[in-house]
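Visitor: After the structure tokens below, expect a handful of questions from me.
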Amino acid sequence: MIKNSSIIDQNTWQSAEMLARWQKPYKRYLMLVKGLSKNTQEAYLADFEKLCHFLESIQRPILETTLDDLEQFSASLHDLGIHARSQARIISGVKSFFYFLLIEDVIESNPSQLLEGPKIGVKLPDVLAVEEIDRMISSIDTGKEGGIRNVAMLETLYSCGLRVSELISLKISDLYMEEGFIRVIGKGDKQRLVPISPRAVREIKRYMEYRVTMPIAAGHEDTLFLNRRGKGLSRVMVFYVIKDQALRADVKKNISPHTFRHSFATHLLEGGANLRAIQAMLGHESIATTEIYMHLDKAFLREEIISHHPRNIKYFDKKK
């Protein structure tokens with residue numbers, strides 16, 4: 001139900017006009033109130049745009065949207081073949097928009113409050129063994145352009161459990177190598193201090209000796225990892241480097257930059273680290289996000305028991 005009568009004349013069902021009316025104030029809310037990163041803001045705005053196009057198709061003004069409309073929208077995502085995880089993220093973005101309207105005193109009740117997303121089971125991501133990470137890093141040809149940088153980059157990614165966005169935005173001024181820490185700017189521009197391994201420190205110092213010989217583009221003087229043009233790396237470049245090294249090291253798993261982060265957390269847990277400490281190092285706002293690694297640890301323990309317990313060894317020997 002519409003609460004603020006002054007905007008009833010804006011209650012159109014044309015998607016272009018819906019976007020024109022609400023995009024900017026909603027973006028300000030996401031940035032200033034929610035404190036979301038630029039990438040998350042763009043994702044939520046894209047979700048809102050999808051909703052606007054759907055409402056246009058059923059000629060429904062946005063301020064008259066009902067739960068039934070939103071359930072139809074959710075069903076349409078499924079019909080389009082969108083993956084369940086992507087559906088869940090879009091539904092989350094839509095719920096965020098209607099909550100924005102509610103707290104802005106535009107609507108009296110939130111039609112998305114009872115909207116449910118698809119059921120998603122816990123998907124255990126691939127995790128690299130320490131030996132596989134070592135193999136990937138040692139397979140880097142440091143005689144080639146970018147080789148020394150790539151060694152330092154992958155060591156930092158694994159040593160500190162960084163997101164790829166945190167890695168490529170790392171500044172020289174964020175390094176406190178004598179103290180054994182780096183400052184990381186995470187989601188929502190939240191800062192945290194993360195310990196860095198002596199091995200990663202050594203490789204960064206080696207890279208810094210090479211970096212001073214590079215041409216550096218204006219505005220990137222403080223950016224740690226640079227491309228050959230002296231500018232910051234892109235996500236795609238880091239992804240390419242990791243895929244290429246996995247191929248060279250004969251690592252068969254489906255991996256990405258995030259696999260190094262998963263491996264960092266899993267190896268800490270297997271080594272006996274406290275889950276709260278892992279949460280702090282990963283920069284997770286909720287402990288629930290970190291708890292996925294408890295599932296990983298249980299899977300690891302089960303594999304170890306199956307592989308090494310005498311009862312299991314005898315059983316599998318008989319099956320052979």
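Just remember, in the structure tokens the first chain shown is A, the second B, etc., residues are 1-based per chain, and ligands are 1-based in the order shown.
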Just the residues within 12 Å of region 111-117 of chain A, please, counting only C-alpha atoms, with nothing from its chain fewer than 6 positions along; format it as a PDB file with C-alpha atoms, in the first residue's frame.
Guide:
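Wrote it out as part.pdb, contents follow:
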ATOM      1  CA  MET A   1       0.000   0.000   0.000  1.00  0.00           C
ATOM      2  CA  ILE A   2       1.240   3.487  -0.926  1.00  0.00           C
ATOM      3  CA  ILE A  62       5.872  -0.424  -8.789  1.00  0.00           C
ATOM      4  CA  LEU A  63       4.138   1.007  -5.724  1.00  0.00           C
ATOM      5  CA  GLU A  64       1.212  -1.358  -6.203  1.00  0.00           C
ATOM      6  CA  THR A  65       3.380  -4.466  -6.400  1.00  0.00           C
ATOM      7  CA  THR A  66       1.961  -7.440  -4.472  1.00  0.00           C
ATOM      8  CA  LEU A  67       3.491 -10.615  -3.091  1.00  0.00           C
ATOM      9  CA  ASP A  68       1.755 -12.516  -5.891  1.00  0.00           C
ATOM     10  CA  ASP A  69       3.498 -10.286  -8.469  1.00  0.00           C
ATOM     11  CA  LEU A  70       6.854 -10.963  -6.865  1.00  0.00           C
ATOM     12  CA  GLU A  71       6.224 -14.705  -6.774  1.00  0.00           C
ATOM     13  CA  GLN A  72       5.450 -14.532 -10.503  1.00  0.00           C
ATOM     14  CA  PHE A  73       8.703 -12.616 -10.978  1.00  0.00           C
ATOM     15  CA  SER A  74      10.587 -15.294  -9.049  1.00  0.00           C
ATOM     16  CA  ALA A  75       8.977 -18.025 -11.168  1.00  0.00           C
ATOM     17  CA  LEU A  77      13.640 -16.277 -13.257  1.00  0.00           C
ATOM     18  CA  HIS A  78      13.358 -20.056 -12.981  1.00  0.00           C
ATOM     19  CA  HIS A  83      20.775 -20.798 -11.770  1.00  0.00           C
ATOM     20  CA  ALA A  84      19.258 -21.176  -8.297  1.00  0.00           C
ATOM     21  CA  ARG A  85      22.120 -19.266  -6.661  1.00  0.00           C
ATOM     22  CA  SER A  86      21.679 -16.372  -9.082  1.00  0.00           C
ATOM     23  CA  GLN A  87      17.914 -16.466  -8.478  1.00  0.00           C
ATOM     24  CA  ALA A  88      18.528 -16.216  -4.730  1.00  0.00           C
ATOM     25  CA  ARG A  89      20.831 -13.229  -5.200  1.00  0.00           C
ATOM     26  CA  ILE A  90      18.295 -11.439  -7.426  1.00  0.00           C
ATOM     27  CA  ILE A  91      15.506 -12.068  -4.894  1.00  0.00           C
ATOM     28  CA  SER A  92      17.787 -10.650  -2.192  1.00  0.00           C
ATOM     29  CA  GLY A  93      18.280  -7.516  -4.313  1.00  0.00           C
ATOM     30  CA  VAL A  94      14.530  -7.124  -4.826  1.00  0.00           C
ATOM     31  CA  LYS A  95      13.841  -7.495  -1.102  1.00  0.00           C
ATOM     32  CA  SER A  96      16.460  -4.822  -0.462  1.00  0.00           C
ATOM     33  CA  PHE A  97      14.641  -2.393  -2.771  1.00  0.00           C
ATOM     34  CA  PHE A  98      11.272  -2.810  -1.078  1.00  0.00           C
ATOM     35  CA  TYR A  99      12.888  -2.456   2.335  1.00  0.00           C
ATOM     36  CA  PHE A 100      14.354   0.836   1.060  1.00  0.00           C
ATOM     37  CA  LEU A 101      10.834   2.005   0.087  1.00  0.00           C
ATOM     38  CA  LEU A 102       9.558   1.012   3.529  1.00  0.00           C
TER      39      LEU A 102
END
Visitor: What lies within 8 Å of region 135-144 of chain A using only C-alpha atoms, ignoring chain neighbours under 3 positions off, as a PDB file with C-alpha atoms, in the first residue's frame?
Guide:
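result_3.pdb, freshly written:
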ATOM      1  CA  GLU A 131      51.370 -29.331  -2.405  1.00  0.00           C
ATOM      2  CA  GLU A 132      49.163 -28.190  -5.304  1.00  0.00           C
ATOM      3  CA  GLY A 147      56.674 -13.856 -13.496  1.00  0.00           C
ATOM      4  CA  ILE A 148      58.147 -12.297 -10.337  1.00  0.00           C
ATOM      5  CA  ASN A 150      52.801 -13.475 -10.253  1.00  0.00           C
ATOM      6  CA  VAL A 151      54.793 -15.365  -7.616  1.00  0.00           C
ATOM      7  CA  LEU A 154      49.774 -15.827  -5.551  1.00  0.00           C
ATOM      8  CA  GLU A 155      51.778 -16.029  -2.334  1.00  0.00           C
ATOM      9  CA  GLN A 245      49.350 -21.868 -13.751  1.00  0.00           C
ATOM     10  CA  ALA A 246      46.870 -24.609 -12.835  1.00  0.00           C
ATOM     11  CA  ARG A 248      51.020 -25.751 -16.263  1.00  0.00           C
ATOM     12  CA  ALA A 249      51.136 -27.467 -12.852  1.00  0.00           C
ATOM     13  CA  VAL A 251      46.105 -29.253 -11.303  1.00  0.00           C
TER      14      VAL A 251
END
Visitor: Per residue of region 59-171 of chain A within 12 Å of region 268-284 of chain A, what are the shortest atom pair and its distance in Å to one decimal, counting only C-alpha atoms, with rows by chain and residue number, as a Markdown table?
Guide:
| residue | atom | partner | partner_atom | distance |
| --- | --- | --- | --- | --- |
| A:Ala129 | CA | A:Glu270 | CA | 11.5 |
| A:Val130 | CA | A:Leu268 | CA | 11.4 |
| A:Leu157 | CA | A:Leu282 | CA | 11.5 |
| A:Tyr158 | CA | A:Leu268 | CA | 11.2 |
| A:Ser159 | CA | A:Leu268 | CA | 10.5 |
| A:Cys160 | CA | A:Met281 | CA | 7.6 |
| A:Gly161 | CA | A:Leu282 | CA | 6.4 |
| A:Leu162 | CA | A:Leu282 | CA | 7.1 |
| A:Arg163 | CA | A:Leu282 | CA | 8.4 |
| A:Glu166 | CA | A:Gly283 | CA | 10.7 |
Visitor: Just to be explicit: take each residue in the selection above, keep C-alpha atoms, and write the result as a CSV table (one decimal), in the first residue's frame.
Guide:
chain,number,residue,atom,x,y,z
A,129,ALA,CA,46.2,-29.0,-1.2
A,130,VAL,CA,49.4,-27.2,0.0
A,157,LEU,CA,46.5,-14.3,-2.2
A,158,TYR,CA,47.1,-17.6,-0.3
A,159,SER,CA,49.0,-16.3,2.7
A,160,CYS,CA,46.4,-13.7,3.5
A,161,GLY,CA,43.2,-15.3,2.2
A,162,LEU,CA,42.2,-12.2,0.1
A,163,ARG,CA,39.3,-11.7,-2.2
A,166,GLU,CA,41.2,-6.9,-2.2
Visitor: Using only C-alpha atoms, can you tell me which of A:Arg261, A:His53, A:Lys187, A:Lys171 comes closest to Met31 (chain A)?
Guide: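 Distance minimum relative to Met31 (chain A) lands on A:Lys187.
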Visitor: Name the residues of region 123-193 of chain A that fall into strand (DSSP E or B) according to DSSP on the backbone, using the chain letters and numbers of this document, as a PyMOL selection string.
Guide: chain A and resi 171+175-176+181-185+191-193
